[in-house]
>>> print(open('query.pdb').read())   # PDB, C-alpha atoms
ATOM      1  CA  GLN K   1     -23.209  69.152  42.301  1.00  0.00           C
ATOM      2  CA  VAL K   2     -23.381  72.909  42.657  1.00  0.00           C
ATOM      3  CA  GLN K   3     -20.282  74.799  43.707  1.00  0.00           C
ATOM      4  CA  LEU K   4     -20.078  78.411  44.860  1.00  0.00           C
ATOM      5  CA  VAL K   5     -16.842  80.367  44.824  1.00  0.00           C
ATOM      6  CA  GLU K   6     -16.569  83.753  46.492  1.00  0.00           C
ATOM      7  CA  PHE K   7     -14.194  86.593  45.674  1.00  0.00           C
ATOM      8  CA  GLY K   8     -13.450  90.015  47.054  1.00  0.00           C
ATOM      9  CA  GLY K   9     -13.003  89.918  50.796  1.00  0.00           C
ATOM     10  CA  GLY K  10     -10.217  91.780  52.539  1.00  0.00           C
ATOM     11  CA  LEU K  11      -9.227  94.527  54.919  1.00  0.00           C
ATOM     12  CA  VAL K  12     -10.762  97.975  54.637  1.00  0.00           C
ATOM     13  CA  GLN K  13     -10.932 101.033  56.848  1.00  0.00           C
ATOM     14  CA  PRO K  14     -14.234 102.211  58.328  1.00  0.00           C
ATOM     15  CA  GLY K  15     -16.155 104.196  55.748  1.00  0.00           C
ATOM     16  CA  GLY K  16     -14.590 102.262  52.899  1.00  0.00           C
ATOM     17  CA  SER K  17     -16.114  99.943  50.326  1.00  0.00           C
ATOM     18  CA  LEU K  18     -15.746  96.342  49.235  1.00  0.00           C
ATOM     19  CA  ARG K  19     -17.339  94.319  46.487  1.00  0.00           C
ATOM     20  CA  LEU K  20     -17.987  90.620  47.008  1.00  0.00           C
ATOM     21  CA  SER K  21     -18.693  88.313  44.095  1.00  0.00           C
ATOM     22  CA  CYS K  22     -19.893  84.727  44.029  1.00  0.00           C
ATOM     23  CA  VAL K  23     -20.002  82.498  40.984  1.00  0.00           C
ATOM     24  CA  ALA K  24     -22.033  79.300  40.826  1.00  0.00           C
ATOM     25  CA  SER K  25     -21.216  76.288  38.702  1.00  0.00           C
ATOM     26  CA  GLY K  26     -22.813  72.900  38.177  1.00  0.00           C
ATOM     27  CA  SER K  27     -26.350  74.056  37.499  1.00  0.00           C
ATOM     28  CA  ILE K  28     -27.850  76.348  34.888  1.00  0.00           C
ATOM     29  CA  PHE K  29     -30.868  77.087  37.062  1.00  0.00           C
ATOM     30  CA  VAL K  30     -30.272  78.822  40.365  1.00  0.00           C
ATOM     31  CA  GLY K  31     -33.104  80.239  42.451  1.00  0.00           C
ATOM     32  CA  PRO K  32     -32.636  82.888  45.120  1.00  0.00           C
ATOM     33  CA  MET K  33     -29.058  83.831  45.924  1.00  0.00           C
ATOM     34  CA  SER K  34     -28.026  85.361  49.210  1.00  0.00           C
ATOM     35  CA  TRP K  35     -25.151  86.654  51.274  1.00  0.00           C
ATOM     36  CA  TYR K  36     -24.883  85.681  54.911  1.00  0.00           C
ATOM     37  CA  ARG K  37     -22.246  86.621  57.454  1.00  0.00           C
ATOM     38  CA  GLN K  38     -20.950  85.217  60.690  1.00  0.00           C
ATOM     39  CA  ALA K  39     -18.867  87.116  63.207  1.00  0.00           C
ATOM     40  CA  PRO K  40     -16.951  85.306  65.961  1.00  0.00           C
ATOM     41  CA  GLY K  41     -19.322  84.186  68.698  1.00  0.00           C
ATOM     42  CA  ASN K  42     -22.396  85.064  66.646  1.00  0.00           C
ATOM     43  CA  GLN K  43     -24.867  83.062  64.629  1.00  0.00           C
ATOM     44  CA  ARG K  44     -24.813  83.219  60.859  1.00  0.00           C
ATOM     45  CA  GLU K  45     -27.189  85.943  59.725  1.00  0.00           C
ATOM     46  CA  LEU K  46     -28.760  86.961  56.440  1.00  0.00           C
ATOM     47  CA  VAL K  47     -27.302  90.124  54.933  1.00  0.00           C
ATOM     48  CA  ALA K  48     -29.153  90.298  51.613  1.00  0.00           C
ATOM     49  CA  ARG K  49     -31.119  88.083  49.235  1.00  0.00           C
ATOM     50  CA  ILE K  50     -32.072  88.400  45.579  1.00  0.00           C
ATOM     51  CA  THR K  51     -34.494  86.307  43.560  1.00  0.00           C
ATOM     52  CA  ARG K  52     -34.157  85.353  39.901  1.00  0.00           C
ATOM     53  CA  ASP K  53     -36.337  88.295  38.925  1.00  0.00           C
ATOM     54  CA  SER K  54     -34.146  90.593  41.064  1.00  0.00           C
ATOM     55  CA  SER K  55     -36.491  91.173  43.960  1.00  0.00           C
ATOM     56  CA  THR K  56     -34.300  92.032  46.915  1.00  0.00           C
ATOM     57  CA  GLU K  57     -34.372  91.766  50.676  1.00  0.00           C
ATOM     58  CA  TYR K  58     -31.904  93.328  53.129  1.00  0.00           C
ATOM     59  CA  ALA K  59     -31.118  93.038  56.790  1.00  0.00           C
ATOM     60  CA  ASP K  60     -31.782  96.292  58.613  1.00  0.00           C
ATOM     61  CA  SER K  61     -28.046  96.663  59.203  1.00  0.00           C
ATOM     62  CA  ALA K  62     -27.414  96.552  55.441  1.00  0.00           C
ATOM     63  CA  LYS K  63     -30.176  98.845  54.195  1.00  0.00           C
ATOM     64  CA  GLY K  64     -28.889 101.980  52.539  1.00  0.00           C
ATOM     65  CA  ARG K  65     -25.263 100.786  52.549  1.00  0.00           C
ATOM     66  CA  PHE K  66     -25.207  97.442  50.734  1.00  0.00           C
ATOM     67  CA  THR K  67     -26.553  96.556  47.303  1.00  0.00           C
ATOM     68  CA  ILE K  68     -27.088  93.020  46.046  1.00  0.00           C
ATOM     69  CA  SER K  69     -27.311  92.237  42.345  1.00  0.00           C
ATOM     70  CA  ARG K  70     -27.082  89.186  40.109  1.00  0.00           C
ATOM     71  CA  ASP K  71     -26.291  88.102  36.602  1.00  0.00           C
ATOM     72  CA  ASN K  72     -28.350  85.063  35.664  1.00  0.00           C
ATOM     73  CA  GLY K  73     -26.288  84.450  32.542  1.00  0.00           C
ATOM     74  CA  LYS K  74     -23.045  84.215  34.504  1.00  0.00           C
ATOM     75  CA  ILE K  75     -24.857  82.721  37.540  1.00  0.00           C
ATOM     76  CA  MET K  76     -23.192  85.350  39.677  1.00  0.00           C
ATOM     77  CA  VAL K  77     -24.286  87.360  42.684  1.00  0.00           C
ATOM     78  CA  ILE K  78     -22.557  90.541  43.800  1.00  0.00           C
ATOM     79  CA  LEU K  79     -22.674  92.393  47.092  1.00  0.00           C
ATOM     80  CA  GLN K  80     -21.505  95.992  46.938  1.00  0.00           C
ATOM     81  CA  MET K  81     -20.758  97.189  50.452  1.00  0.00           C
ATOM     82  CA  ASN K  82     -20.308 100.900  51.107  1.00  0.00           C
ATOM     83  CA  SER K  83     -19.838 102.937  54.274  1.00  0.00           C
ATOM     84  CA  LEU K  84     -18.449  99.898  56.010  1.00  0.00           C
ATOM     85  CA  LYS K  85     -18.399  99.796  59.793  1.00  0.00           C
ATOM     86  CA  VAL K  86     -16.243  97.888  62.255  1.00  0.00           C
ATOM     87  CA  GLU K  87     -19.297  95.814  63.126  1.00  0.00           C
ATOM     88  CA  ASP K  88     -19.489  94.562  59.530  1.00  0.00           C
ATOM     89  CA  THR K  89     -16.390  92.479  60.239  1.00  0.00           C
ATOM     90  CA  ALA K  90     -17.279  88.826  59.635  1.00  0.00           C
ATOM     91  CA  VAL K  91     -16.880  85.881  57.329  1.00  0.00           C
ATOM     92  CA  TYR K  92     -19.296  86.388  54.447  1.00  0.00           C
ATOM     93  CA  TYR K  93     -20.895  83.351  52.828  1.00  0.00           C
ATOM     94  CA  CYS K  94     -22.640  83.056  49.502  1.00  0.00           C
ATOM     95  CA  ASN K  95     -25.784  80.916  49.422  1.00  0.00           C
ATOM     96  CA  ALA K  96     -27.796  79.631  46.489  1.00  0.00           C
ATOM     97  CA  ALA K  97     -31.045  77.704  46.393  1.00  0.00           C
ATOM     98  CA  VAL K  98     -31.169  75.136  43.594  1.00  0.00           C
ATOM     99  CA  TRP K  99     -34.337  73.056  43.256  1.00  0.00           C
ATOM    100  CA  GLY K 100     -35.084  73.489  46.950  1.00  0.00           C
ATOM    101  CA  LYS K 101     -31.618  72.612  48.204  1.00  0.00           C
ATOM    102  CA  ASP K 102     -29.220  75.096  49.788  1.00  0.00           C
ATOM    103  CA  TYR K 103     -25.610  75.374  48.710  1.00  0.00           C
ATOM    104  CA  TRP K 104     -22.876  77.400  50.423  1.00  0.00           C
ATOM    105  CA  GLY K 105     -19.577  78.893  49.450  1.00  0.00           C
ATOM    106  CA  GLN K 106     -16.448  78.494  51.530  1.00  0.00           C
ATOM    107  CA  GLY K 107     -16.673  82.002  52.965  1.00  0.00           C
ATOM    108  CA  THR K 108     -14.566  85.112  52.539  1.00  0.00           C
ATOM    109  CA  GLN K 109     -13.225  87.247  55.378  1.00  0.00           C
ATOM    110  CA  VAL K 110     -14.180  90.917  55.552  1.00  0.00           C
ATOM    111  CA  THR K 111     -12.320  92.933  58.156  1.00  0.00           C
ATOM    112  CA  VAL K 112     -13.161  96.579  58.803  1.00  0.00           C
ATOM    113  CA  SER K 113     -10.485  98.190  60.931  1.00  0.00           C
ATOM    114  CA  TYR K 114      -8.098 101.131  61.174  1.00  0.00           C
TER     115      TYR K 114
END
>>> encode(input="query.pdb", output="structure tokens")
Amino acid sequence: QVQLVEFGGGLVQPGGSLRLSCVASGSIFVGPMSWYRQAPGNQRELVARITRDSSTEYADSAKGRFTISRDNGKIMVILQMNSLKVEDTAVYYCNAAVWGKDYWGQGTQVTVSY
């Protein structure tokens, strides 16, 4: 059983930065890892994805502000979020694909507000 644990959410003012981390356990092979987010009343949406060979994909809203990276040895994915906006407020979820099956973290709240 694969487990994902997220760290790093919190409250930040507009223009600030946050760093989210997610560590996977239970499998030594993890395929693509992603960050999704869900704001109240909205569907869960992809923020960024990174493959094992570090190819990346970003939502338009994240391009130029967010950077996704991973450490295959630690089975960790990191989302560095800069120039945060009020509309980035959401619960952020880590996702990992392991042998074709999706696993999710419990979510971490990111609130961007004055």
>>> residues_near_point(input="query.pdb", point="(-21.6, 82.6, 48.3)", cutoff="6 Å", atoms="all atoms listed in the file", output="NGL selection string")
:K and (4 or 6 or 22 or 93-95 or 104-105)
>>> resolve_selection(input="query.pdb", expression="the PyMOL selection byres ((chain K and resi 77) around 9)", output="PDB file with C-alpha atoms, in the frame of the given file")
ATOM      1  CA  LEU K  20     -17.987  90.620  47.008  1.00  0.00           C
ATOM      2  CA  SER K  21     -18.693  88.313  44.095  1.00  0.00           C
ATOM      3  CA  CYS K  22     -19.893  84.727  44.029  1.00  0.00           C
ATOM      4  CA  VAL K  23     -20.002  82.498  40.984  1.00  0.00           C
ATOM      5  CA  ALA K  24     -22.033  79.300  40.826  1.00  0.00           C
ATOM      6  CA  MET K  33     -29.058  83.831  45.924  1.00  0.00           C
ATOM      7  CA  SER K  34     -28.026  85.361  49.210  1.00  0.00           C
ATOM      8  CA  TRP K  35     -25.151  86.654  51.274  1.00  0.00           C
ATOM      9  CA  ILE K  50     -32.072  88.400  45.579  1.00  0.00           C
ATOM     10  CA  ILE K  68     -27.088  93.020  46.046  1.00  0.00           C
ATOM     11  CA  SER K  69     -27.311  92.237  42.345  1.00  0.00           C
ATOM     12  CA  ARG K  70     -27.082  89.186  40.109  1.00  0.00           C
ATOM     13  CA  ASP K  71     -26.291  88.102  36.602  1.00  0.00           C
ATOM     14  CA  ASN K  72     -28.350  85.063  35.664  1.00  0.00           C
ATOM     15  CA  LYS K  74     -23.045  84.215  34.504  1.00  0.00           C
ATOM     16  CA  ILE K  75     -24.857  82.721  37.540  1.00  0.00           C
ATOM     17  CA  MET K  76     -23.192  85.350  39.677  1.00  0.00           C
ATOM     18  CA  ILE K  78     -22.557  90.541  43.800  1.00  0.00           C
ATOM     19  CA  LEU K  79     -22.674  92.393  47.092  1.00  0.00           C
ATOM     20  CA  CYS K  94     -22.640  83.056  49.502  1.00  0.00           C
TER      21      CYS K  94
END
>>> residues_around(input="query.pdb", residues="K:Gly16", least_positions_apart="2", cutoff="10 Å", atoms="only C-alpha atoms", output="list in words")
Leu11, Val12, Gln13, Pro14, Leu18, Met81, Asn82, Ser83, Leu84, Lys85, Val112 and Ser113 of chain K
>>> atom_distance(input="query.pdb", atom1="atom CA of K:Ser55", atom2="atom CA of K:Arg37")
20.1 Å
>>> axis_aligned_box(input="query.pdb", around="stretch 21-29 of chain K", padding_each_side="5 Å", output="lines of an AutoDock Vina configuration file")
center_x = -24.8
center_y = 80.6
center_z = 39.5
size_x = 22.2
size_y = 25.4
size_z = 19.2
>>> closest_residue(input="query.pdb", among="K:Thr89, K:Thr108, K:Gln80, K:Ser25", to="K:Gln3", atoms="only C-alpha atoms")
K:Ser25
>>> closest_residue(input="query.pdb", among="K:Leu46, K:Ile28, K:Val86, K:Val91", to="K:Gly73", atoms="only C-alpha atoms")
K:Ile28
>>> atom_distance(input="query.pdb", atom1="atom CA of K:Ala96", atom2="atom CA of K:Val2")
8.9 Å
>>> residues_around(input="query.pdb", residues="K:Gly10", least_positions_apart="4", cutoff="7 Å", atoms="only C-alpha atoms", output="PyMOL selection string")
chain K and resi 109-111
>>> atom_distance(input="query.pdb", atom1="atom CA of K:Lys63", atom2="atom CA of K:Trp99")
28.3 Å
>>> residues_around(input="query.pdb", residues="K:Tyr58", least_positions_apart="5", cutoff="7 Å", atoms="only C-alpha atoms", output="PDB file with C-alpha atoms, in the frame of the given file")
ATOM      1  CA  VAL K  47     -27.302  90.124  54.933  1.00  0.00           C
ATOM      2  CA  ALA K  48     -29.153  90.298  51.613  1.00  0.00           C
ATOM      3  CA  ARG K  49     -31.119  88.083  49.235  1.00  0.00           C
ATOM      4  CA  LYS K  63     -30.176  98.845  54.195  1.00  0.00           C
TER       5      LYS K  63
END
>>> closest_residue(input="query.pdb", among="K:Ala62, K:Glu57, K:Ala97, K:Ala90", to="K:Gln38", atoms="only C-alpha atoms")
K:Ala90
>>> residues_near_point(input="query.pdb", point="(-30.1, 82.5, 41.3)", cutoff="6 Å", atoms="all atoms listed in the file", output="PyMOL selection string")
chain K and resi 30-33+52
